[in-house]
Amino acid sequence: MLLPLAGLLVGVLLGLVLNVNVSFELSRYSAVAILAALDSVLGAVRAELDGVYDNRIFISGFVTNAIVAVILTFIGDRLSLDLYLVALINFGFRIFNNVALIRRHFIRG
């Protein structure tokens, strides 16, 4: 569980220290990538709390989520469709679901 949390902390700190400007053309890709990463980290935290965390599953899920989301966004750009919204809605739903399960774990003790 330490790897996902450490990665999240390093990413947040780098984002605060470095002045990174994302162009408008890449903003959709950035949004999808950030949500894919957050979804993977929260999924890993939930898996650790459930006692089923596996680092290989976390890394493969992180990479697979990011690749599928970027491909979906790219295809949407080529077709002039907002397919990135599909990824954003899906990741948003999963993030809220994971946060709810993590919250329940801490409330029930």
# chains A, B, ... in the order shown; residues from 1 in each chain; ligands from 1
>>> residues_around(residues="stretch 61-68 of chain A", least_positions_apart="2", cutoff="6 Å", atoms="only C-alpha atoms", output="ChimeraX atom specification")
/A:33,36,40,57-59,70-71
>>> residues_around(residues="stretch 92-99 of chain A", least_positions_apart="5", cutoff="12 Å", atoms="only C-alpha atoms", output="short mmCIF file (atom, residue, chain, number, x, y, z; two decimals) with N, CA and C atoms, in the first residue's frame")
data_model
loop_
_atom_site.label_atom_id
_atom_site.label_comp_id
_atom_site.auth_asym_id
_atom_site.auth_seq_id
_atom_site.Cartn_x
_atom_site.Cartn_y
_atom_site.Cartn_z
N ALA A 31 -6.46 15.52 -18.03
CA ALA A 31 -7.58 15.24 -17.13
C ALA A 31 -7.84 13.75 -17.01
N VAL A 32 -7.82 13.06 -18.15
CA VAL A 32 -8.07 11.62 -18.14
C VAL A 32 -6.93 10.90 -17.41
N ILE A 34 -4.93 12.08 -15.03
CA ILE A 34 -4.99 12.35 -13.59
C ILE A 34 -6.09 11.51 -12.94
N LEU A 35 -7.24 11.43 -13.56
CA LEU A 35 -8.31 10.61 -12.98
C LEU A 35 -7.98 9.13 -13.02
N ALA A 36 -7.30 8.67 -14.06
CA ALA A 36 -6.89 7.26 -14.11
C ALA A 36 -5.93 6.95 -12.98
N ALA A 37 -4.99 7.86 -12.73
CA ALA A 37 -4.03 7.66 -11.64
C ALA A 37 -4.72 7.68 -10.28
N LEU A 38 -5.61 8.63 -10.08
CA LEU A 38 -6.33 8.72 -8.81
C LEU A 38 -7.20 7.49 -8.59
N ASP A 39 -7.84 7.01 -9.64
CA ASP A 39 -8.66 5.80 -9.53
C ASP A 39 -7.81 4.61 -9.14
N SER A 40 -6.63 4.47 -9.74
CA SER A 40 -5.76 3.35 -9.41
C SER A 40 -5.26 3.42 -7.98
N VAL A 41 -4.88 4.60 -7.53
CA VAL A 41 -4.37 4.75 -6.16
C VAL A 41 -5.47 4.45 -5.15
N LEU A 42 -6.65 4.99 -5.35
CA LEU A 42 -7.74 4.73 -4.41
C LEU A 42 -8.17 3.27 -4.44
N GLY A 43 -8.11 2.65 -5.62
CA GLY A 43 -8.40 1.22 -5.71
C GLY A 43 -7.38 0.39 -4.94
N ALA A 44 -6.12 0.83 -4.99
CA ALA A 44 -5.07 0.13 -4.25
C ALA A 44 -5.26 0.29 -2.74
N VAL A 45 -5.63 1.48 -2.32
CA VAL A 45 -5.88 1.70 -0.88
C VAL A 45 -7.05 0.84 -0.41
N ARG A 46 -8.10 0.80 -1.19
CA ARG A 46 -9.25 -0.03 -0.84
C ARG A 46 -8.87 -1.51 -0.79
N ALA A 47 -8.07 -1.97 -1.77
CA ALA A 47 -7.64 -3.36 -1.78
C ALA A 47 -6.78 -3.68 -0.56
N GLU A 48 -5.92 -2.75 -0.16
CA GLU A 48 -5.09 -2.97 1.02
C GLU A 48 -5.97 -3.06 2.28
N LEU A 49 -6.96 -2.21 2.38
CA LEU A 49 -7.85 -2.26 3.54
C LEU A 49 -8.66 -3.56 3.57
N ASP A 50 -8.96 -4.10 2.38
CA ASP A 50 -9.68 -5.37 2.29
C ASP A 50 -8.75 -6.56 2.44
N ASN A 65 -5.32 1.22 -17.31
CA ASN A 65 -6.30 2.32 -17.23
C ASN A 65 -5.83 3.53 -18.02
N LEU A 85 -15.14 11.96 -22.32
CA LEU A 85 -16.15 12.06 -21.26
C LEU A 85 -16.55 10.69 -20.73
N VAL A 86 -16.51 9.68 -21.60
CA VAL A 86 -16.81 8.31 -21.15
C VAL A 86 -15.81 7.89 -20.07
N ALA A 87 -14.53 8.14 -20.34
CA ALA A 87 -13.50 7.79 -19.36
C ALA A 87 -13.65 8.62 -18.10
N ARG A 104 -16.35 3.82 4.68
CA ARG A 104 -17.08 2.81 5.46
C ARG A 104 -16.14 1.93 6.27
N HIS A 105 -14.99 1.61 5.68
CA HIS A 105 -14.02 0.78 6.41
C HIS A 105 -13.57 1.47 7.68
N PHE A 106 -13.29 2.77 7.61
CA PHE A 106 -12.81 3.50 8.79
C PHE A 106 -13.93 3.76 9.78
#
>>> residues_around(residues="A:Thr73", least_positions_apart="2", cutoff="7 Å", atoms="only C-alpha atoms", output="list in words")
Tyr29, Ala69, Val70, Ile71, Ile75, Gly76, Asp77, Leu83 and Tyr84 of chain A
>>> write_last_selection(atoms="N, CA and C atoms", output="PDB file, in the first residue's frame")
ATOM      1  N   TYR A  29      -6.302  15.043 -22.339  1.00  0.00           N
ATOM      2  CA  TYR A  29      -5.437  13.913 -22.019  1.00  0.00           C
ATOM      3  C   TYR A  29      -4.938  13.999 -20.578  1.00  0.00           C
ATOM      4  N   ALA A  69      -7.646   4.856 -21.474  1.00  0.00           N
ATOM      5  CA  ALA A  69      -8.235   6.195 -21.419  1.00  0.00           C
ATOM      6  C   ALA A  69      -7.625   7.115 -22.480  1.00  0.00           C
ATOM      7  N   VAL A  70      -6.314   7.040 -22.673  1.00  0.00           N
ATOM      8  CA  VAL A  70      -5.665   7.881 -23.679  1.00  0.00           C
ATOM      9  C   VAL A  70      -6.081   7.457 -25.082  1.00  0.00           C
ATOM     10  N   ILE A  71      -6.163   6.157 -25.333  1.00  0.00           N
ATOM     11  CA  ILE A  71      -6.605   5.678 -26.649  1.00  0.00           C
ATOM     12  C   ILE A  71      -8.038   6.127 -26.919  1.00  0.00           C
ATOM     13  N   ILE A  75      -9.001   8.500 -30.032  1.00  0.00           N
ATOM     14  CA  ILE A  75      -9.997   8.118 -31.039  1.00  0.00           C
ATOM     15  C   ILE A  75     -11.114   9.150 -31.101  1.00  0.00           C
ATOM     16  N   GLY A  76     -11.540   9.634 -29.938  1.00  0.00           N
ATOM     17  CA  GLY A  76     -12.566  10.670 -29.905  1.00  0.00           C
ATOM     18  C   GLY A  76     -12.111  11.940 -30.597  1.00  0.00           C
ATOM     19  N   ASP A  77     -10.849  12.310 -30.401  1.00  0.00           N
ATOM     20  CA  ASP A  77     -10.320  13.496 -31.097  1.00  0.00           C
ATOM     21  C   ASP A  77     -10.336  13.305 -32.605  1.00  0.00           C
ATOM     22  N   LEU A  83     -15.295  11.515 -26.657  1.00  0.00           N
ATOM     23  CA  LEU A  83     -15.235  10.201 -26.015  1.00  0.00           C
ATOM     24  C   LEU A  83     -14.471  10.226 -24.701  1.00  0.00           C
ATOM     25  N   TYR A  84     -13.660  11.252 -24.475  1.00  0.00           N
ATOM     26  CA  TYR A  84     -12.955  11.344 -23.201  1.00  0.00           C
ATOM     27  C   TYR A  84     -13.944  11.463 -22.045  1.00  0.00           C
TER      28      TYR A  84
END
>>> atom_distance(atom1="atom CA of A:Pro4", atom2="atom CA of A:Ser23")
27.3 Å
>>> atom_distance(atom1="atom CA of A:Ile102", atom2="atom CA of A:Val52")
13.8 Å
>>> atom_distance(atom1="atom CA of A:Leu2", atom2="atom CA of A:Tyr53")
10.8 Å
>>> decode(residues="stretch 13-42 of chain A", atoms="N, CA and C atoms", output="PDB file, in the first residue's frame")
ATOM      1  N   LEU A  13       3.547  16.707  -4.793  1.00  0.00           N
ATOM      2  CA  LEU A  13       4.644  17.617  -4.466  1.00  0.00           C
ATOM      3  C   LEU A  13       5.321  18.156  -5.720  1.00  0.00           C
ATOM      4  N   LEU A  14       5.551  17.300  -6.719  1.00  0.00           N
ATOM      5  CA  LEU A  14       6.139  17.765  -7.975  1.00  0.00           C
ATOM      6  C   LEU A  14       5.220  18.764  -8.675  1.00  0.00           C
ATOM      7  N   GLY A  15       3.927  18.518  -8.613  1.00  0.00           N
ATOM      8  CA  GLY A  15       2.977  19.441  -9.219  1.00  0.00           C
ATOM      9  C   GLY A  15       2.972  20.793  -8.538  1.00  0.00           C
ATOM     10  N   LEU A  16       3.201  20.814  -7.234  1.00  0.00           N
ATOM     11  CA  LEU A  16       3.237  22.082  -6.511  1.00  0.00           C
ATOM     12  C   LEU A  16       4.548  22.831  -6.721  1.00  0.00           C
ATOM     13  N   VAL A  17       5.645  22.095  -6.849  1.00  0.00           N
ATOM     14  CA  VAL A  17       6.959  22.722  -6.979  1.00  0.00           C
ATOM     15  C   VAL A  17       7.226  23.193  -8.405  1.00  0.00           C
ATOM     16  N   LEU A  18       6.911  22.351  -9.387  1.00  0.00           N
ATOM     17  CA  LEU A  18       7.186  22.681 -10.786  1.00  0.00           C
ATOM     18  C   LEU A  18       6.042  23.497 -11.367  1.00  0.00           C
ATOM     19  N   ASN A  19       6.389  24.439 -12.194  1.00  0.00           N
ATOM     20  CA  ASN A  19       5.382  25.255 -12.856  1.00  0.00           C
ATOM     21  C   ASN A  19       5.113  24.635 -14.226  1.00  0.00           C
ATOM     22  N   VAL A  20       4.138  23.752 -14.285  1.00  0.00           N
ATOM     23  CA  VAL A  20       3.841  23.033 -15.513  1.00  0.00           C
ATOM     24  C   VAL A  20       2.584  23.630 -16.135  1.00  0.00           C
ATOM     25  N   ASN A  21       2.712  24.033 -17.392  1.00  0.00           N
ATOM     26  CA  ASN A  21       1.568  24.543 -18.134  1.00  0.00           C
ATOM     27  C   ASN A  21       1.161  23.511 -19.168  1.00  0.00           C
ATOM     28  N   VAL A  22      -0.104  23.153 -19.172  1.00  0.00           N
ATOM     29  CA  VAL A  22      -0.629  22.177 -20.112  1.00  0.00           C
ATOM     30  C   VAL A  22      -1.407  22.928 -21.178  1.00  0.00           C
ATOM     31  N   SER A  23      -1.075  22.669 -22.433  1.00  0.00           N
ATOM     32  CA  SER A  23      -1.763  23.364 -23.511  1.00  0.00           C
ATOM     33  C   SER A  23      -3.215  22.893 -23.606  1.00  0.00           C
ATOM     34  N   PHE A  24      -4.009  23.691 -24.255  1.00  0.00           N
ATOM     35  CA  PHE A  24      -5.424  23.375 -24.404  1.00  0.00           C
ATOM     36  C   PHE A  24      -5.623  22.049 -25.130  1.00  0.00           C
ATOM     37  N   GLU A  25      -4.793  21.779 -26.131  1.00  0.00           N
ATOM     38  CA  GLU A  25      -4.932  20.550 -26.913  1.00  0.00           C
ATOM     39  C   GLU A  25      -4.685  19.303 -26.067  1.00  0.00           C
ATOM     40  N   LEU A  26      -3.838  19.429 -25.062  1.00  0.00           N
ATOM     41  CA  LEU A  26      -3.508  18.277 -24.225  1.00  0.00           C
ATOM     42  C   LEU A  26      -4.283  18.245 -22.909  1.00  0.00           C
ATOM     43  N   SER A  27      -5.144  19.210 -22.678  1.00  0.00           N
ATOM     44  CA  SER A  27      -5.844  19.277 -21.396  1.00  0.00           C
ATOM     45  C   SER A  27      -6.767  18.082 -21.177  1.00  0.00           C
ATOM     46  N   ARG A  28      -7.404  17.601 -22.231  1.00  0.00           N
ATOM     47  CA  ARG A  28      -8.270  16.425 -22.085  1.00  0.00           C
ATOM     48  C   ARG A  28      -7.452  15.202 -21.699  1.00  0.00           C
ATOM     49  N   TYR A  29      -6.302  15.043 -22.339  1.00  0.00           N
ATOM     50  CA  TYR A  29      -5.437  13.913 -22.019  1.00  0.00           C
ATOM     51  C   TYR A  29      -4.938  13.999 -20.578  1.00  0.00           C
ATOM     52  N   SER A  30      -4.609  15.199 -20.141  1.00  0.00           N
ATOM     53  CA  SER A  30      -4.152  15.390 -18.764  1.00  0.00           C
ATOM     54  C   SER A  30      -5.249  15.061 -17.762  1.00  0.00           C
ATOM     55  N   ALA A  31      -6.463  15.516 -18.034  1.00  0.00           N
ATOM     56  CA  ALA A  31      -7.578  15.243 -17.127  1.00  0.00           C
ATOM     57  C   ALA A  31      -7.836  13.746 -17.013  1.00  0.00           C
ATOM     58  N   VAL A  32      -7.823  13.063 -18.146  1.00  0.00           N
ATOM     59  CA  VAL A  32      -8.065  11.621 -18.137  1.00  0.00           C
ATOM     60  C   VAL A  32      -6.932  10.905 -17.406  1.00  0.00           C
ATOM     61  N   ALA A  33      -5.685  11.329 -17.634  1.00  0.00           N
ATOM     62  CA  ALA A  33      -4.543  10.686 -16.978  1.00  0.00           C
ATOM     63  C   ALA A  33      -4.578  10.884 -15.467  1.00  0.00           C
ATOM     64  N   ILE A  34      -4.926  12.082 -15.032  1.00  0.00           N
ATOM     65  CA  ILE A  34      -4.995  12.352 -13.590  1.00  0.00           C
ATOM     66  C   ILE A  34      -6.087  11.514 -12.938  1.00  0.00           C
ATOM     67  N   LEU A  35      -7.242  11.433 -13.560  1.00  0.00           N
ATOM     68  CA  LEU A  35      -8.314  10.614 -12.982  1.00  0.00           C
ATOM     69  C   LEU A  35      -7.982   9.131 -13.018  1.00  0.00           C
ATOM     70  N   ALA A  36      -7.305   8.668 -14.057  1.00  0.00           N
ATOM     71  CA  ALA A  36      -6.891   7.258 -14.113  1.00  0.00           C
ATOM     72  C   ALA A  36      -5.928   6.953 -12.981  1.00  0.00           C
ATOM     73  N   ALA A  37      -4.986   7.859 -12.729  1.00  0.00           N
ATOM     74  CA  ALA A  37      -4.028   7.658 -11.640  1.00  0.00           C
ATOM     75  C   ALA A  37      -4.718   7.677 -10.280  1.00  0.00           C
ATOM     76  N   LEU A  38      -5.607   8.629 -10.079  1.00  0.00           N
ATOM     77  CA  LEU A  38      -6.325   8.717  -8.806  1.00  0.00           C
ATOM     78  C   LEU A  38      -7.204   7.489  -8.586  1.00  0.00           C
ATOM     79  N   ASP A  39      -7.842   7.011  -9.637  1.00  0.00           N
ATOM     80  CA  ASP A  39      -8.660   5.804  -9.534  1.00  0.00           C
ATOM     81  C   ASP A  39      -7.805   4.608  -9.138  1.00  0.00           C
ATOM     82  N   SER A  40      -6.634   4.473  -9.736  1.00  0.00           N
ATOM     83  CA  SER A  40      -5.765   3.351  -9.412  1.00  0.00           C
ATOM     84  C   SER A  40      -5.256   3.422  -7.980  1.00  0.00           C
ATOM     85  N   VAL A  41      -4.879   4.602  -7.529  1.00  0.00           N
ATOM     86  CA  VAL A  41      -4.370   4.745  -6.164  1.00  0.00           C
ATOM     87  C   VAL A  41      -5.467   4.455  -5.149  1.00  0.00           C
ATOM     88  N   LEU A  42      -6.649   4.993  -5.354  1.00  0.00           N
ATOM     89  CA  LEU A  42      -7.740   4.733  -4.410  1.00  0.00           C
ATOM     90  C   LEU A  42      -8.171   3.266  -4.445  1.00  0.00           C
TER      91      LEU A  42
END
